[in-house]
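Enquirer: My structure file final_30.txt, compact mmCIF, C-alpha atoms, is below:
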```txt
# COMPACT_ATOMS: atom_id res chain seq x y z
CA MET A 150 14.26 15.56 -16.60
CA SER A 151 10.82 16.08 -18.12
CA PHE A 152 7.63 14.49 -16.78
CA PRO A 153 6.08 12.11 -17.55
CA LEU A 154 9.31 10.28 -18.26
CA TYR A 155 8.37 7.77 -20.95
CA ILE A 156 10.31 4.51 -21.09
CA ASP A 157 11.56 3.29 -24.47
CA LEU A 158 11.48 -0.51 -24.46
CA PHE A 159 11.81 -2.78 -27.50
CA GLY A 160 10.77 0.03 -29.81
CA LEU A 161 7.76 0.95 -27.67
CA ARG A 162 7.29 4.24 -25.83
CA LEU A 163 5.64 3.29 -22.55
CA HIS A 164 4.01 5.57 -20.01
CA PRO A 165 5.75 5.08 -16.62
CA HIS A 166 2.62 4.76 -14.48
CA PRO A 167 1.00 1.67 -16.04
CA LEU A 168 4.44 0.16 -16.71
CA PHE A 169 5.64 0.35 -13.11
CA GLU A 170 2.19 -0.54 -11.80
CA MET A 171 2.31 -3.76 -13.83
CA ILE A 172 5.85 -4.47 -12.61
CA ALA A 173 4.76 -3.81 -9.01
CA TYR A 174 1.81 -6.21 -9.20
CA THR A 175 3.90 -8.87 -10.92
CA ALA A 176 6.86 -8.61 -8.55
CA GLY A 177 4.65 -8.56 -5.45
CA PHE A 178 2.60 -11.55 -6.58
CA GLN A 179 5.68 -13.58 -7.51
CA LEU A 180 7.27 -12.82 -4.15
CA TYR A 181 4.07 -13.89 -2.42
CA LEU A 182 4.01 -17.20 -4.30
CA ARG A 183 7.65 -17.90 -3.48
CA THR A 184 7.51 -17.05 0.23
CA ARG A 185 3.92 -17.51 1.47
CA HIS A 186 4.54 -20.98 2.91
CA ARG A 187 7.45 -19.66 4.98
CA TRP A 188 5.43 -16.87 6.56
CA GLN A 189 2.01 -18.45 7.04
CA HIS A 190 1.14 -19.74 10.51
CA ALA A 191 -0.53 -22.79 8.96
CA PRO A 192 -1.18 -23.95 5.39
CA ILE A 193 -4.49 -22.91 3.84
CA PRO A 194 -6.26 -25.35 1.48
CA LEU A 195 -6.07 -24.20 -2.14
CA GLU A 196 -9.82 -23.64 -2.57
CA LYS A 197 -10.06 -21.53 0.59
CA ASN A 198 -6.93 -19.60 -0.36
CA LEU A 199 -8.39 -18.77 -3.78
CA TRP A 200 -11.54 -17.37 -2.18
CA ILE A 201 -9.41 -15.24 0.15
CA VAL A 202 -7.30 -13.91 -2.74
CA VAL A 203 -10.41 -13.09 -4.80
CA ALA A 204 -11.97 -11.27 -1.83
CA CYS A 205 -8.72 -9.37 -1.30
CA VAL A 206 -8.57 -8.20 -4.92
CA PHE A 207 -12.27 -7.26 -5.06
CA GLY A 208 -12.12 -5.47 -1.70
CA ALA A 209 -9.00 -3.57 -2.75
CA LEU A 210 -10.64 -2.39 -5.98
CA VAL A 211 -13.79 -1.23 -4.23
CA GLY A 212 -11.95 0.39 -1.33
CA SER A 213 -9.43 2.20 -3.52
CA HIS A 214 -12.17 3.76 -5.66
CA LEU A 215 -14.53 4.66 -2.81
CA LEU A 216 -11.86 6.44 -0.79
CA ASN A 217 -10.65 8.29 -3.88
CA ILE A 218 -14.20 9.52 -4.47
CA ALA A 219 -14.37 10.70 -0.85
CA GLU A 220 -10.99 12.39 -1.32
CA MET A 221 -12.11 14.44 -4.32
CA PRO A 222 -15.92 14.60 -4.32
CA GLY A 223 -15.93 17.90 -6.20
CA ASP A 224 -13.94 16.47 -9.10
CA TYR A 225 -16.16 13.41 -9.37
CA LEU A 226 -19.29 15.55 -9.25
CA ALA A 227 -17.92 17.68 -12.07
CA HIS A 228 -17.33 14.51 -14.14
CA ARG A 229 -20.46 12.69 -13.00
CA THR A 230 -21.47 11.78 -16.57
CA GLU A 231 -18.05 10.36 -17.48
CA PHE A 232 -18.06 6.68 -16.55
CA SER A 233 -14.38 6.23 -17.41
CA TYR A 234 -13.43 8.97 -14.95
CA TRP A 235 -15.18 7.14 -12.10
CA LEU A 236 -13.25 3.97 -12.91
CA ALA A 237 -9.83 5.60 -13.23
CA GLY A 238 -9.14 7.08 -9.79
CA LYS A 239 -7.84 4.99 -6.90
CA THR A 240 -5.75 5.27 -3.76
CA ILE A 241 -3.46 2.79 -2.01
CA VAL A 242 -4.90 3.57 1.43
CA GLY A 243 -8.39 2.63 0.31
CA GLY A 244 -7.03 -0.43 -1.45
CA LEU A 245 -5.29 -1.67 1.69
CA ILE A 246 -8.32 -1.11 3.90
CA GLY A 247 -10.72 -2.64 1.38
CA GLY A 248 -8.44 -5.58 0.66
CA TRP A 249 -7.98 -6.27 4.37
CA ALA A 250 -11.72 -6.10 4.97
CA GLY A 251 -12.31 -8.47 2.05
CA VAL A 252 -9.79 -10.97 3.40
CA GLU A 253 -11.27 -10.94 6.91
CA LEU A 254 -14.79 -11.43 5.54
CA ALA A 255 -13.69 -14.30 3.30
CA LYS A 256 -11.79 -15.94 6.15
CA ARG A 257 -14.91 -15.93 8.31
CA ILE A 258 -16.93 -17.49 5.52
CA VAL A 259 -14.44 -20.28 4.71
CA GLY A 260 -13.55 -20.95 8.35
CA VAL A 261 -9.97 -19.67 8.65
CA ARG A 262 -9.66 -18.40 12.22
CA TYR A 263 -6.01 -17.34 12.47
CA ALA A 264 -4.00 -14.41 11.17
CA THR A 265 -2.70 -14.79 7.60
CA GLY A 266 -1.33 -11.33 6.89
CA ASP A 267 2.37 -11.94 7.54
CA ALA A 268 2.70 -13.61 4.14
CA TYR A 269 1.60 -10.39 2.42
CA VAL A 270 3.92 -7.93 4.16
CA PHE A 271 7.03 -8.12 2.02
CA PRO A 272 5.11 -8.43 -1.28
CA LEU A 273 3.22 -5.28 -0.26
CA ILE A 274 6.46 -3.47 0.51
CA VAL A 275 8.06 -4.45 -2.79
CA GLY A 276 4.95 -3.61 -4.80
CA THR A 277 4.48 -0.23 -3.11
CA ALA A 278 8.12 0.78 -3.56
CA ILE A 279 8.10 -0.11 -7.26
CA GLY A 280 4.72 1.52 -7.83
CA ARG A 281 5.84 4.80 -6.28
CA ILE A 282 8.71 4.99 -8.76
CA GLY A 283 6.09 5.01 -11.50
CA CYS A 284 4.14 7.71 -9.67
CA PHE A 285 7.27 9.85 -9.39
CA LEU A 286 8.17 9.46 -13.07
CA THR A 287 4.60 10.35 -14.05
CA GLY A 288 4.86 13.78 -12.44
CA LEU A 289 1.86 16.08 -12.20
CA GLU A 290 -0.51 13.72 -14.02
CA ASP A 291 -0.51 11.29 -11.10
CA ALA A 292 -1.51 13.88 -8.47
CA THR A 293 0.74 12.26 -5.84
CA TYR A 294 3.23 15.13 -5.76
CA GLY A 295 3.81 17.33 -2.73
CA THR A 296 3.39 20.96 -1.88
CA PRO A 297 6.02 23.59 -2.84
CA THR A 298 9.28 23.48 -0.88
CA ALA A 299 12.56 25.37 -0.68
CA LEU A 300 14.45 22.24 0.37
CA PRO A 301 17.37 21.32 -1.91
CA TRP A 302 15.76 18.03 -2.97
CA GLY A 303 12.56 19.67 -4.19
CA VAL A 304 11.57 18.48 -7.67
CA ASP A 305 10.07 20.51 -10.51
CA PHE A 306 7.52 18.19 -12.09
CA GLY A 307 6.95 20.50 -15.01
CA ASP A 308 5.08 23.51 -13.64
CA GLY A 309 8.17 25.48 -12.62
CA ILE A 310 7.60 24.87 -8.89
CA ALA A 311 9.95 22.81 -6.71
CA ARG A 312 7.79 20.34 -4.76
CA HIS A 313 8.22 17.67 -2.11
CA PRO A 314 8.84 14.34 -3.90
CA THR A 315 6.34 12.60 -1.62
CA GLN A 316 6.36 9.55 -3.87
CA LEU A 317 10.04 8.99 -3.02
CA TYR A 318 9.40 9.69 0.66
CA GLU A 319 6.90 6.85 0.66
CA MET A 320 9.18 4.50 -1.25
CA LEU A 321 12.04 5.07 1.21
CA PHE A 322 9.72 4.73 4.20
CA VAL A 323 8.25 1.36 3.23
CA LEU A 324 11.72 0.02 2.43
CA ALA A 325 12.97 1.16 5.84
CA VAL A 326 10.01 -0.54 7.55
CA GLY A 327 10.74 -3.65 5.52
CA LEU A 328 14.33 -3.73 6.74
CA TYR A 329 13.15 -3.35 10.32
CA LEU A 330 10.59 -6.16 10.00
CA ARG A 331 13.14 -8.43 8.33
CA HIS A 332 15.40 -7.91 11.35
CA ARG A 333 12.51 -8.19 13.82
CA SER A 334 11.37 -11.49 12.35
CA ARG A 335 14.57 -13.15 13.55
CA ARG A 336 13.18 -13.00 17.09
CA PRO A 337 9.94 -14.61 18.36
CA TYR A 338 6.80 -12.69 17.43
CA ALA A 339 3.05 -13.27 17.63
CA ASN A 340 1.42 -14.60 14.50
CA GLY A 341 0.11 -11.63 12.52
CA TYR A 342 2.44 -9.14 14.21
CA LEU A 343 4.47 -8.32 11.10
CA PHE A 344 1.38 -7.47 9.08
CA ARG A 345 -0.27 -5.35 11.75
CA PHE A 346 2.95 -3.49 12.52
CA TYR A 347 3.44 -2.71 8.83
CA MET A 348 -0.15 -1.52 8.46
CA PHE A 349 0.15 0.61 11.61
CA ALA A 350 3.40 2.20 10.40
CA TYR A 351 2.16 2.75 6.85
CA PHE A 352 -1.16 4.32 7.82
CA LEU A 353 0.55 6.57 10.37
CA PHE A 354 3.02 7.64 7.70
CA ARG A 355 0.24 8.36 5.21
CA PHE A 356 -1.60 10.46 7.79
CA ALA A 357 1.55 12.55 8.31
CA VAL A 358 2.77 12.83 4.72
CA GLU A 359 -0.64 13.98 3.48
CA PHE A 360 0.08 17.30 5.19
CA LEU A 361 2.74 17.77 2.49
CA LYS A 362 0.24 17.26 -0.35
CA PRO A 363 -2.25 19.74 -1.80
CA HIS A 364 -5.93 19.09 -1.05
CA THR A 365 -9.01 20.79 -2.42
CA ASP A 366 -11.67 18.93 -0.43
CA THR A 367 -11.19 18.52 3.32
CA TYR A 368 -13.23 17.47 6.34
CA LEU A 369 -12.50 19.67 9.36
CA GLY A 370 -9.06 20.38 7.91
CA LEU A 371 -8.20 16.77 7.15
CA SER A 372 -8.44 14.91 3.87
CA ALA A 373 -10.48 11.72 3.51
CA ILE A 374 -7.23 9.78 3.17
CA GLN A 375 -5.95 11.23 6.44
CA ILE A 376 -9.15 10.35 8.31
CA ALA A 377 -9.11 6.79 6.94
CA SER A 378 -5.38 6.43 7.66
CA LEU A 379 -5.69 7.67 11.22
CA ALA A 380 -8.65 5.38 11.94
CA ALA A 381 -6.80 2.37 10.48
CA ALA A 382 -3.61 3.20 12.40
CA LEU A 383 -5.53 3.41 15.68
CA PHE A 384 -7.16 0.06 14.92
CA CYS A 385 -3.72 -1.53 14.30
CA ALA A 386 -2.18 0.08 17.39
CA ARG A 387 -3.57 -2.65 19.62
CA ILE A 388 -0.56 -4.79 18.70
CA PHE A 389 1.33 -2.77 21.31
CA LEU A 390 -1.03 -3.80 24.10
CA PRO A 391 0.14 -6.68 26.34
CA ALA A 392 -2.81 -8.92 25.45
CA SER A 393 -2.77 -8.17 21.74
CA ALA A 394 -1.29 -11.41 20.44
CA VAL A 395 -3.15 -12.41 17.28
CA GLY A 396 -2.01 -16.02 17.52
CA PRO A 397 0.66 -18.22 19.06
CA ALA A 398 4.16 -16.82 19.02
CA GLN A 399 6.43 -17.96 16.23
CA PRO A 400 10.01 -18.81 17.15
CA ALA A 401 12.85 -16.77 15.71
CA GLY A 402 13.53 -17.65 12.12
CA GLU A 403 10.25 -19.49 11.49
CA GLY A 404 8.75 -18.29 8.26
CA VAL A 405 11.91 -16.34 7.41
CA PRO A 406 13.24 -16.98 3.91
CA ALA A 407 16.78 -18.29 3.91
CA ASP A 408 19.47 -15.82 2.89
CA ARG A 409 20.74 -16.50 -0.62
CA ASP A 410 23.80 -14.27 -0.64
```
What's the structure tokens form of this structure?

Expert:
Amino acid sequence: MSFPLYIDLFGLRLHPHPLFEMIAYTAGFQLYLRTRHRWQHAPIPLEKNLWIVVACVFGALVGSHLLNIAEMPGDYLAHRTEFSYWLAGKTIVGGLIGGWAGVELAKRIVGVRYATGDAYVFPLIVGTAIGRIGCFLTGLEDATYGTPTALPWGVDFGDGIARHPTQLYEMLFVLAVGLYLRHRSRRPYANGYLFRFYMFAYFLFRFAVEFLKPHTDTYLGLSAIQIASLAAALFCARIFLPASAVGPAQPAGEGVPADRD
């Protein structure tokens, strides 16, 4: 297999990264539209919901770019006159933190006082899993590959070095968390628990897996992504405290999509 692995579709030769990124956004958004009413604690008026979605998207864009700049300040300084370079880089961790911050700010402004994140959990999982396939098929260009390894599943992305396929590690991890949360949702849980548990697990995973990725710019031995991930994971960890309920408990099965098989 050679990287990037272009996809031939209807006579077009498509780069895997933008293709799978588009599929990820589309699939995640469609899943959100189909299931949001089953997972939300209470319905949100359309106008308020639109403001929240806009704030989420804007916050995600800003957060993803800012954290990527902090992750590789040397590279951005070297390309400081190239506007397109500053717009291109982004990271999921920054997107999640920025999007979450945007949602919370918008909710305060429009007067929504309860947790709304549970509706986003499974769309996030699906979108992340699909997106990481595109990252894997892109190879070295995407800069999400791991450090060299002698393990039998190491992948040569084109430079003759077997590396940790960290993209696939992440895909498998989020799917495993999704299976756990799907099972957990069949029992009573506090409103907002699913979202905060997913964010806690994901950020903790990103902190750990970043040790398997090469970094040129670090802060006291940690990358900017690791520092942001650890801080976000600690913030989410309060769900494990006895008085951490984010809202009234939902009974088992409430907000759970019916099985279709």

Enquirer: For A:Ala268, find every residue with an atom within 6 Å (counting all atoms listed in the file), except residues of its own chain fewer than 6 positions away, and show them as number ranges by chain.

Expert: A: 185, 188-189

Enquirer: Hey, which of A:Arg355, A:Lys256, A:Arg331, A:Arg183 ends up closest to A:Leu343? Count all atoms listed in the file.

Expert: A:Arg331

Enquirer: Could you tell me how far atom CA of A:Tyr329 lies from atom CA of A:Phe169, in Å and to one decimal?

Expert: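 We find that atom CA of A:Tyr329 and atom CA of A:Phe169 lie 24.9 Å from each other.
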
Enquirer: Per residue of stretch 297-400 of chain A within 10 Å of stretch 204-216 of chain A, what are the shortest atom pair and its distance in Å to one decimal, counting only C-alpha atoms, with rows by chain and residue number, as JSON lines?

Expert:
```
{"residue": "A:Ala373", "atom": "CA", "partner": "A:Leu216", "partner_atom": "CA", "distance": 6.9}
{"residue": "A:Ile374", "atom": "CA", "partner": "A:Leu216", "partner_atom": "CA", "distance": 6.9}
{"residue": "A:Ala377", "atom": "CA", "partner": "A:Leu216", "partner_atom": "CA", "distance": 8.2}
```

Enquirer: Considering all atoms listed in the file, state which residue in the set A:Ile310, A:Ala325, A:Leu158, A:Val358 is at the smallest distance from A:Ile274.

Expert: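 Counting all atoms listed in the file, the residue closest to A:Ile274 is A:Ala325.
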
Enquirer: If you count all atoms listed in the file, which residues fall within 10 Å of A:Thr296, apart from same-chain ones fewer than 6 positions away, as a list in words?

Expert: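 The residues that qualify are Gly303, Ile310, Ala311, Arg312, His313, Pro314, Thr315, Glu359, Phe360, Leu361, Lys362, Pro363 and His364 of chain A.
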
Enquirer: Please compute the atom CA of A:Val202-atom CA of A:Glu170 distance, one decimal, in Å.

Expert: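 Going from atom CA of A:Val202 over to atom CA of A:Glu170, I get 18.7 Å.
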
Enquirer: In terms of the shortest atom-to-atom distance over all atoms listed in the file, which of A:Asn340, A:Thr365, A:Thr184, A:Gln179 is closest to A:Arg262?

Expert: A:Asn340

Enquirer: Counting all atoms listed in the file, which residue out of A:Gly177, A:Gly243, A:Gly248, A:Gly307 sits closest to A:Ser378?

Expert: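 Of A:Gly177, A:Gly243, A:Gly248, A:Gly307, the one nearest A:Ser378 is A:Gly243, counting all atoms listed in the file.
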
Enquirer: Name all residues at most 7 Å from stretch 348-353 of chain A (count only C-alpha atoms; drop same-chain ones fewer than 4 positions away) and give them as a PDB file with C-alpha atoms, keeping the file's coordinate frame.

Expert:
```
ATOM      1  CA  PHE A 344       1.380  -7.470   9.080  1.00  0.00           C
ATOM      2  CA  ALA A 357       1.550  12.550   8.310  1.00  0.00           C
ATOM      3  CA  SER A 378      -5.380   6.430   7.660  1.00  0.00           C
ATOM      4  CA  LEU A 379      -5.690   7.670  11.220  1.00  0.00           C
ATOM      5  CA  ALA A 381      -6.800   2.370  10.480  1.00  0.00           C
ATOM      6  CA  ALA A 382      -3.610   3.200  12.400  1.00  0.00           C
ATOM      7  CA  CYS A 385      -3.720  -1.530  14.300  1.00  0.00           C
ATOM      8  CA  ALA A 386      -2.180   0.080  17.390  1.00  0.00           C
TER       9      ALA A 386
END
```

Enquirer: Given the choices A:Gly327, A:Asp267, A:Lys239, A:Leu369, which gets closest to A:Ala292 if the distance is worked out from all atoms listed in the file?

Expert: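 Counting all atoms listed in the file, the residue closest to A:Ala292 is A:Lys239.
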
Enquirer: Kindly indicate which residue among A:Val261, A:Leu226, A:His190, A:Pro272 lies nearest to A:Phe178, using only C-alpha atoms for the distances.

Expert: A:Pro272
